[in-house]
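Engineer: Can you read through this structure? Questions will come right after.
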Amino acid sequence: MATAFAGVAPPRDDEFAQASVHVAALRRLARDPAAVIGAAIVAVVAVCAIFAPLITRVDPNAQDLTATLIPPMWIAGGNHAHVLGTDNLGRDLLTRIIWGSRVSAIVGLSVVAIGGTIGVTAGLVAGYRRGWVDAVIARITDVQLAFPLVLLAVAIVAVVGPGLLTVIAAIGLTSWVQYVRVVRAETMSLREREFVAAAEAAGATSRRIIARHLLPNVGSAVIVLGTFEIARAIVFESSLSFLGLGVPPTTPSWGGMLADGRQYLDTAWWTALFPGLAIMVAVMGVNLLGDGLRDALDPAAVN
């Protein structure tokens, strides 16, 4: 997985100049075909997640035991009422995939919000204050990195119990270390810049320096890293749901659908194929968009 780029753009006091930088970044992003494809995939997933009740009026948990394991409509035995077929309980696969995008979107955004808030705050404080504060945060980070994050998340869910909030908390509380490492390194470099020295000489408090001068300058790296973390969170959630440690079975999720369909790979391959494709395409779209953002926001690309 790609990582956030090193380096930050020089601070600009002129709001018009800052706006022109953002416009130039958007133009570079729009000229990147892979990034455009990624943005389109992310947009489709977002629309499905937000408007799932309007896109399909069928209950994703509605069972029809007279219509079990119906193949996709383009295969002999399929019908137009079930475009992607049905599962072993007669539930419509397309409907469940659309509703499953909600879980992936909620988990991805929530995990980034939790992990990003903790990690960015800790990284800024460690990089700016240094000394014993930096040492303590660095040791806590090293201790958490010593544990495999997947196993740590599985252990948390296994102890607390499965559920959407538990999954979000487990993944979010294991993802903050990624932000600390990037933001701390960026902040330590920024701390030596003239604009920070000028703010300190003017009597600005540490809180003001961090909020007004350091945070905006690490924003690009955080955005890029956060994008990749969304993809990682989707895979994490799908893995937990596949193991039966994710959301409840009554809540459609791509990982849970994949687990349900694995025993029918020989006779009803579509029950596992399409949820797996949904995970792959969503993660690919987020990663393509993240790669595009990394290149578009790279200071070296600014003319």
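Scheme for the structure tokens: letters A, B, ... for chains in order shown; per-chain residue numbers from 1; ligand numbers from 1 in order shown.
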Which residues, written as a ChimeraX atom specification, have at least one atom at most 7 Å from Met73 of chain A, with only C-alpha atoms counted and residues fewer than 4 positions away on the same chain left out?
Structural biologist: /A:78-80,82-85
Engineer: Can those selected residues be exported to a file as a short mmCIF file (atom, residue, chain, number, x, y, z; two decimals), in the first residue's frame so that it contains N, CA and C atoms?
Structural biologist:
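After the write, again_17.cif holds the following:
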```
data_model
loop_
_atom_site.label_atom_id
_atom_site.label_comp_id
_atom_site.auth_asym_id
_atom_site.auth_seq_id
_atom_site.Cartn_x
_atom_site.Cartn_y
_atom_site.Cartn_z
N GLY A 78 -31.82 -18.03 -14.45
CA GLY A 78 -31.93 -16.75 -13.77
C GLY A 78 -33.14 -15.98 -14.23
N ASN A 79 -33.46 -14.90 -13.52
CA ASN A 79 -34.58 -14.06 -13.94
C ASN A 79 -34.29 -12.61 -13.60
N HIS A 80 -35.04 -11.71 -14.22
CA HIS A 80 -34.77 -10.28 -14.08
C HIS A 80 -35.14 -9.74 -12.68
N HIS A 82 -34.03 -10.90 -9.98
CA HIS A 82 -32.82 -11.02 -9.17
C HIS A 82 -31.63 -10.92 -10.11
N VAL A 83 -31.17 -9.70 -10.33
CA VAL A 83 -30.13 -9.43 -11.34
C VAL A 83 -28.87 -10.24 -11.07
N LEU A 84 -28.43 -10.27 -9.83
CA LEU A 84 -27.20 -10.99 -9.47
C LEU A 84 -27.49 -12.33 -8.81
N GLY A 85 -28.75 -12.74 -8.81
CA GLY A 85 -29.11 -14.01 -8.20
C GLY A 85 -29.50 -13.88 -6.74
#
```
Engineer: Per residue of segment 59-154 of chain A within 10 Å of segment 37-55 of chain A, record the nearest atom pair and its distance in Å to one decimal, counting only C-alpha atoms, with rows in chain order and ascending residue number, as JSON lines.
Structural biologist:
```
{"residue": "A:Asp59", "atom": "CA", "partner": "A:Pro53", "partner_atom": "CA", "distance": 8.8}
{"residue": "A:Pro60", "atom": "CA", "partner": "A:Pro53", "partner_atom": "CA", "distance": 9.9}
{"residue": "A:Thr95", "atom": "CA", "partner": "A:Ala52", "partner_atom": "CA", "distance": 8.4}
{"residue": "A:Arg96", "atom": "CA", "partner": "A:Ala52", "partner_atom": "CA", "distance": 9.7}
{"residue": "A:Ile97", "atom": "CA", "partner": "A:Cys48", "partner_atom": "CA", "distance": 9.1}
{"residue": "A:Ile98", "atom": "CA", "partner": "A:Cys48", "partner_atom": "CA", "distance": 5.7}
{"residue": "A:Trp99", "atom": "CA", "partner": "A:Ala52", "partner_atom": "CA", "distance": 5.8}
{"residue": "A:Gly100", "atom": "CA", "partner": "A:Ala49", "partner_atom": "CA", "distance": 7.8}
{"residue": "A:Ser101", "atom": "CA", "partner": "A:Ala49", "partner_atom": "CA", "distance": 5.1}
{"residue": "A:Arg102", "atom": "CA", "partner": "A:Ala49", "partner_atom": "CA", "distance": 4.2}
{"residue": "A:Val103", "atom": "CA", "partner": "A:Ala49", "partner_atom": "CA", "distance": 7.9}
{"residue": "A:Ser104", "atom": "CA", "partner": "A:Ala49", "partner_atom": "CA", "distance": 8.5}
{"residue": "A:Ala105", "atom": "CA", "partner": "A:Ala49", "partner_atom": "CA", "distance": 6.7}
{"residue": "A:Ile106", "atom": "CA", "partner": "A:Ala49", "partner_atom": "CA", "distance": 8.5}
```
Engineer: Enumerate, as a PyMOL selection string, the complete set of residues in segment 139-267 of chain A that a backbone-based DSSP assignment places in alpha helix (DSSP H).
Structural biologist: chain A and resi 139-145+149-160+164-190+194-201+206-209+215-242+254-261
Engineer: Could the residues of segment 164-255 of chain A that have an atom at most 12 Å from segment 129-151 of chain A be listed as CSV, each with its closest atom pair and the distance in Å to one decimal, counting only C-alpha atoms and ordered by chain and ascending residue number?
Structural biologist:
```
residue,atom,partner,partner_atom,distance
A:Val167,CA,A:Val150,CA,11.6
A:Ala170,CA,A:Val150,CA,9.6
A:Ile171,CA,A:Leu149,CA,8.3
A:Gly172,CA,A:Leu149,CA,10.6
A:Leu173,CA,A:Leu149,CA,9.7
A:Thr174,CA,A:Leu149,CA,6.1
A:Ser175,CA,A:Leu149,CA,7.9
A:Trp176,CA,A:Thr141,CA,8.9
A:Val177,CA,A:Thr141,CA,5.9
A:Gln178,CA,A:Thr141,CA,9.1
A:Tyr179,CA,A:Thr141,CA,10.3
A:Val180,CA,A:Thr141,CA,7.8
A:Arg181,CA,A:Thr141,CA,8.4
A:Arg184,CA,A:Asp134,CA,8.8
A:Ala185,CA,A:Asp134,CA,11.2
A:Thr187,CA,A:Arg129,CA,9.8
A:Met188,CA,A:Arg130,CA,8.3
A:Ser189,CA,A:Arg130,CA,11.9
A:Arg191,CA,A:Arg129,CA,9.4
A:Thr205,CA,A:Arg129,CA,12.0
A:Ser206,CA,A:Arg129,CA,8.5
A:Arg207,CA,A:Arg129,CA,10.7
A:Ile209,CA,A:Arg129,CA,11.2
A:Ile210,CA,A:Arg129,CA,10.0
A:Arg232,CA,A:Val150,CA,10.8
A:Ala233,CA,A:Val150,CA,10.7
A:Val235,CA,A:Val150,CA,10.5
A:Phe236,CA,A:Val150,CA,7.4
A:Glu237,CA,A:Val150,CA,10.2
A:Ser238,CA,A:Val150,CA,11.8
A:Ser239,CA,A:Val150,CA,9.0
A:Leu240,CA,A:Val150,CA,9.0
A:Leu243,CA,A:Val150,CA,11.9
A:Leu245,CA,A:Leu151,CA,11.9
```
Engineer: Let me see the file: selected residues, C-alpha atoms, as a CSV table (one decimal), in the first residue's frame.
Structural biologist:
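Result file part-v1.csv:
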```csv
chain,number,residue,atom,x,y,z
A,167,VAL,CA,-15.9,-3.0,15.1
A,170,ALA,CA,-11.5,-1.8,17.6
A,171,ILE,CA,-10.3,-0.8,14.2
A,172,GLY,CA,-10.1,2.9,15.1
A,173,LEU,CA,-8.1,2.3,18.3
A,174,THR,CA,-5.6,0.2,16.4
A,175,SER,CA,-5.1,2.6,13.4
A,176,TRP,CA,-4.0,5.8,15.1
A,177,VAL,CA,-0.3,4.7,15.2
A,178,GLN,CA,-0.1,5.1,11.4
A,179,TYR,CA,-0.9,8.8,11.7
A,180,VAL,CA,1.5,9.4,14.6
A,181,ARG,CA,4.5,8.3,12.6
A,184,ARG,CA,5.4,13.5,14.0
A,185,ALA,CA,8.1,13.4,11.3
A,187,THR,CA,6.0,18.3,12.5
A,188,MET,CA,9.6,17.9,13.6
A,189,SER,CA,10.7,19.2,10.2
A,191,ARG,CA,9.3,23.1,13.8
A,205,THR,CA,1.0,29.8,22.7
A,206,SER,CA,1.9,26.2,21.8
A,207,ARG,CA,-1.7,25.4,21.2
A,209,ILE,CA,1.1,27.4,16.9
A,210,ILE,CA,0.0,23.8,16.6
A,232,ARG,CA,-7.7,-0.7,5.1
A,233,ALA,CA,-10.7,-0.2,7.4
A,235,VAL,CA,-10.8,-4.8,4.4
A,236,PHE,CA,-10.5,-5.0,8.3
A,237,GLU,CA,-14.3,-4.9,8.7
A,238,SER,CA,-14.9,-7.4,6.0
A,239,SER,CA,-12.3,-9.7,7.6
A,240,LEU,CA,-14.0,-9.5,11.0
A,243,LEU,CA,-14.9,-14.5,10.8
A,245,LEU,CA,-16.8,-11.1,14.7
```
Engineer: Using only C-alpha atoms, determine which residues lie at most 7 Å from Val183 of chain A, disregarding the query and same-chain residues fewer than 5 positions distant; provide the list as a PyMOL selection string.
Structural biologist: chain A and resi 120+123-124+218
Engineer: Could you take the residues named above and write them with C-alpha atoms, as an mmCIF file, in the first residue's frame?
Structural biologist:
```
data_model
loop_
_atom_site.group_PDB
_atom_site.id
_atom_site.type_symbol
_atom_site.label_atom_id
_atom_site.label_comp_id
_atom_site.auth_asym_id
_atom_site.auth_seq_id
_atom_site.Cartn_x
_atom_site.Cartn_y
_atom_site.Cartn_z
ATOM 1 C CA VAL A 120 -2.758 13.554 14.388
ATOM 2 C CA GLY A 123 1.874 13.335 16.346
ATOM 3 C CA LEU A 124 1.609 17.131 16.472
ATOM 4 C CA VAL A 218 0.407 18.519 7.652
#
```
Engineer: Nearest to Asp87 of chain A: which of A:Asn61, A:Ser110, A:Thr166, A:Thr227 is it, counting only C-alpha atoms?
Structural biologist: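 Once distances to Asp87 of chain A are computed over only C-alpha atoms, the minimum belongs to A:Asn61.
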Engineer: If we count only C-alpha atoms and set the cut-off at 10 Å, which residues sit around Asp260 of chain A, ignoring sequence neighbours fewer than 4 positions away in its own chain? Please answer as an MDAnalysis selection string.
Structural biologist: chainID A and resid 87:88 242 249 254:256 264 271:272
